[in-house]
$ cat start02.cif   # mmCIF, C-alpha atoms
data_entry
loop_
_atom_site.group_PDB
_atom_site.id
_atom_site.type_symbol
_atom_site.label_atom_id
_atom_site.label_comp_id
_atom_site.auth_asym_id
_atom_site.auth_seq_id
_atom_site.Cartn_x
_atom_site.Cartn_y
_atom_site.Cartn_z
ATOM 1 C CA MET A 51 17.805 -6.372 -16.443
ATOM 2 C CA GLU A 52 20.839 -4.150 -15.787
ATOM 3 C CA LYS A 53 22.040 -1.797 -18.482
ATOM 4 C CA LYS A 54 25.636 -0.627 -18.618
ATOM 5 C CA LEU A 55 25.748 3.111 -19.190
ATOM 6 C CA PRO A 56 28.532 4.866 -21.081
ATOM 7 C CA PRO A 57 31.214 6.430 -18.883
ATOM 8 C CA ASN A 58 30.322 9.822 -17.478
ATOM 9 C CA ALA A 59 32.555 12.916 -17.645
ATOM 10 C CA LYS A 60 34.721 11.494 -14.827
ATOM 11 C CA GLY A 61 35.154 8.211 -16.681
ATOM 12 C CA GLN A 62 32.994 6.236 -14.245
ATOM 13 C CA VAL A 63 30.885 3.378 -15.572
ATOM 14 C CA ARG A 64 27.396 3.072 -14.069
ATOM 15 C CA TYR A 65 24.657 0.471 -14.198
ATOM 16 C CA ARG A 66 20.959 1.245 -14.398
ATOM 17 C CA PHE A 67 17.835 -0.872 -14.131
ATOM 18 C CA VAL A 68 14.082 -0.318 -14.120
ATOM 19 C CA VAL A 69 11.666 -2.511 -12.121
ATOM 20 C CA ASP A 70 7.871 -2.609 -12.275
ATOM 21 C CA VAL A 71 6.601 -2.282 -8.703
ATOM 22 C CA GLY A 72 2.877 -2.558 -9.309
ATOM 23 C CA SER A 73 0.251 0.019 -10.054
ATOM 24 C CA ASP A 74 -0.867 3.204 -8.370
ATOM 25 C CA PRO A 75 -4.090 2.393 -6.475
ATOM 26 C CA ALA A 76 -5.494 5.861 -7.136
ATOM 27 C CA THR A 77 -4.857 6.090 -10.882
ATOM 28 C CA GLY A 78 -4.282 2.472 -11.900
ATOM 29 C CA LYS A 79 -1.160 3.522 -13.813
ATOM 30 C CA ARG A 80 1.937 1.332 -13.849
ATOM 31 C CA LYS A 81 4.672 2.332 -11.399
ATOM 32 C CA GLN A 82 8.360 1.786 -12.025
ATOM 33 C CA VAL A 83 11.489 2.323 -9.963
ATOM 34 C CA THR A 84 14.766 3.289 -11.633
ATOM 35 C CA ARG A 85 18.082 2.852 -9.865
ATOM 36 C CA THR A 86 21.586 3.754 -11.023
ATOM 37 C CA LEU A 87 24.589 2.281 -9.213
ATOM 38 C CA GLY A 88 28.347 2.327 -9.651
ATOM 39 C CA THR A 89 28.974 -1.425 -9.773
ATOM 40 C CA LEU A 90 27.357 -4.336 -11.563
ATOM 41 C CA ARG A 91 27.285 -6.334 -8.339
ATOM 42 C CA GLY A 92 25.621 -3.474 -6.463
ATOM 43 C CA ALA A 93 23.025 -3.140 -9.217
ATOM 44 C CA LYS A 94 22.278 -6.885 -9.119
ATOM 45 C CA VAL A 95 21.930 -6.867 -5.325
ATOM 46 C CA GLU A 96 19.579 -3.870 -5.371
ATOM 47 C CA TYR A 97 17.557 -5.356 -8.244
ATOM 48 C CA ALA A 98 17.154 -8.611 -6.309
ATOM 49 C CA ARG A 99 16.153 -6.745 -3.138
ATOM 50 C CA ILE A 100 13.477 -4.693 -4.893
ATOM 51 C CA THR A 101 12.046 -7.583 -6.908
ATOM 52 C CA ASN A 102 11.995 -9.817 -3.832
ATOM 53 C CA ARG A 103 10.099 -7.196 -1.836
ATOM 54 C CA ARG A 104 7.787 -6.623 -4.772
ATOM 55 C CA TYR A 105 6.785 -10.281 -4.927
ATOM 56 C CA GLU A 106 6.413 -10.448 -1.140
ATOM 57 C CA GLU A 107 4.300 -7.264 -1.368
ATOM 58 C CA ARG A 108 6.630 -5.521 1.088
ATOM 59 C CA PHE A 109 8.098 -2.949 -1.289
ATOM 60 C CA VAL A 110 7.282 0.591 -0.207
ATOM 61 C CA GLU A 111 8.419 3.313 -2.522
ATOM 62 C CA PRO A 112 10.016 6.200 -0.618
ATOM 63 C CA ASN A 113 7.363 8.886 -0.094
ATOM 64 C CA LYS A 114 5.824 11.065 2.582
ATOM 65 C CA ILE A 115 2.715 8.991 3.180
ATOM 66 C CA THR A 116 1.329 8.945 6.705
ATOM 67 C CA VAL A 117 0.439 5.819 8.608
ATOM 68 C CA ASN A 118 -3.269 6.656 8.264
ATOM 69 C CA GLU A 119 -2.979 6.969 4.482
ATOM 70 C CA TRP A 120 -1.019 3.730 4.186
ATOM 71 C CA LEU A 121 -3.485 1.820 6.375
ATOM 72 C CA ASP A 122 -6.433 3.219 4.409
ATOM 73 C CA GLN A 123 -4.859 2.020 1.149
ATOM 74 C CA TRP A 124 -4.031 -1.382 2.626
ATOM 75 C CA LEU A 125 -7.530 -1.893 4.016
ATOM 76 C CA TYR A 126 -9.113 -0.792 0.723
ATOM 77 C CA ARG A 127 -7.041 -3.333 -1.247
ATOM 78 C CA LYS A 128 -7.548 -6.084 1.337
ATOM 79 C CA ALA A 129 -11.324 -5.515 1.627
ATOM 80 C CA GLU A 130 -11.884 -6.937 -1.861
ATOM 81 C CA ASP A 131 -10.940 -10.417 -0.612
ATOM 82 C CA LEU A 132 -12.556 -10.304 2.849
ATOM 83 C CA GLU A 133 -15.990 -10.778 4.342
ATOM 84 C CA GLU A 134 -17.804 -7.641 5.485
ATOM 85 C CA SER A 135 -17.555 -8.699 9.146
ATOM 86 C CA THR A 136 -13.778 -9.142 8.805
ATOM 87 C CA VAL A 137 -13.389 -5.686 7.258
ATOM 88 C CA TYR A 138 -15.397 -4.255 10.153
ATOM 89 C CA SER A 139 -13.190 -6.089 12.675
ATOM 90 C CA TYR A 140 -10.036 -4.806 10.970
ATOM 91 C CA THR A 141 -11.428 -1.276 10.942
ATOM 92 C CA MET A 142 -12.177 -1.407 14.674
ATOM 93 C CA THR A 143 -8.744 -2.855 15.482
ATOM 94 C CA LEU A 144 -6.909 -0.379 13.258
ATOM 95 C CA GLY A 145 -8.786 2.485 14.918
ATOM 96 C CA ARG A 146 -6.354 2.300 17.832
ATOM 97 C CA VAL A 147 -3.394 2.469 15.469
ATOM 98 C CA TRP A 148 -4.904 5.395 13.575
ATOM 99 C CA GLU A 149 -5.226 7.289 16.856
ATOM 100 C CA SER A 150 -1.711 6.642 18.127
ATOM 101 C CA LEU A 151 0.484 6.533 15.005
ATOM 102 C CA GLY A 152 -1.714 8.006 12.293
ATOM 103 C CA THR A 153 -0.001 11.330 11.671
ATOM 104 C CA SER A 154 3.573 10.026 11.687
ATOM 105 C CA GLY A 155 5.287 9.258 8.402
ATOM 106 C CA TYR A 156 5.334 5.592 7.463
ATOM 107 C CA ARG A 157 8.948 5.740 6.262
ATOM 108 C CA ASN A 158 10.011 7.302 9.597
ATOM 109 C CA TRP A 159 9.190 4.191 11.627
ATOM 110 C CA PRO A 160 12.103 2.261 13.070
ATOM 111 C CA ARG A 161 13.056 -0.684 10.834
ATOM 112 C CA ALA A 162 11.847 -3.336 13.313
ATOM 113 C CA THR A 163 8.435 -1.667 13.685
ATOM 114 C CA SER A 164 7.768 -1.329 9.948
ATOM 115 C CA ARG A 165 8.389 -5.043 9.292
ATOM 116 C CA ARG A 166 5.775 -6.298 11.748
ATOM 117 C CA GLY A 167 2.372 -7.530 10.742
#
$ encode --input "start02.cif" --output "structure tokens"
Amino acid sequence: MEKKLPPNAKGQVRYRFVVDVGSDPATGKRKQVTRTLGTLRGAKVEYARITNRRYEERFVEPNKITVNEWLDQWLYRKAEDLEESTVYSYTMTLGRVWESLGTSGYRNWPRATSRRG
């Protein structure tokens, strides 16, 4: 889990961990997130937060993806488990979102907005 790093030049001890966060839908390659923090407690809290979001499928790696791109990826992944008529219904409903929010960055949404749905 957490790995204690040797002290840096300033004598500070740091803690690092690596978490698998799934695979890249485009390439199929494994994706990992590495975090380095100054305290063991902070590292444990961050590790728990990331793994919890990973298992709830709410983890979004910081990037510059637009709402349209994110919705396209979500619908593509979701379509595998849905009936054709449901995918069509989702596409029609999401059309309004694509028009109004599509070019904005997903990570730029207010916190309350990005947790809905």
$ closest_residue --input "start02.cif" --among "A:Gly145, A:Gly61, A:Pro56, A:Gly72" --to "Arg103 of chain A" --atoms "only C-alpha atoms"
A:Gly72
$ residues_around --input "start02.cif" --residues "Val63 of chain A" --least-positions-apart "5" --cutoff "10 Å" --atoms "all atoms listed in the file" --output "PyMOL selection string"
chain A and resi 54-58+87-90
$ write_last_selection --input "start02.cif" --atoms "C-alpha atoms" --output "mmCIF file, in the coordinates of the input"
data_model
loop_
_atom_site.group_PDB
_atom_site.id
_atom_site.type_symbol
_atom_site.label_atom_id
_atom_site.label_comp_id
_atom_site.auth_asym_id
_atom_site.auth_seq_id
_atom_site.Cartn_x
_atom_site.Cartn_y
_atom_site.Cartn_z
ATOM 1 C CA LYS A 54 25.636 -0.627 -18.618
ATOM 2 C CA LEU A 55 25.748 3.111 -19.190
ATOM 3 C CA PRO A 56 28.532 4.866 -21.081
ATOM 4 C CA PRO A 57 31.214 6.430 -18.883
ATOM 5 C CA ASN A 58 30.322 9.822 -17.478
ATOM 6 C CA LEU A 87 24.589 2.281 -9.213
ATOM 7 C CA GLY A 88 28.347 2.327 -9.651
ATOM 8 C CA THR A 89 28.974 -1.425 -9.773
ATOM 9 C CA LEU A 90 27.357 -4.336 -11.563
#
$ atom_distance --input "start02.cif" --atom1 "atom CA of Thr77 of chain A" --atom2 "atom CA of Ile115 of chain A"
16.2 Å
$ closest_residue --input "start02.cif" --among "A:Ser135, A:Glu149, A:Val69, A:Leu121" --to "Arg99 of chain A" --atoms "all atoms listed in the file"
A:Val69
$ atom_distance --input "start02.cif" --atom1 "atom CA of Ser139 of chain A" --atom2 "atom CA of Gln123 of chain A"
16.4 Å
$ axis_aligned_box --input "start02.cif" --around "segment 121-128 of chain A" --padding-each-side "6 Å" --output "AutoDock Vina command-line options"
--center_x -6.3 --center_y -1.4 --center_z 2.6 --size_x 17.6 --size_y 21.3 --size_z 19.6
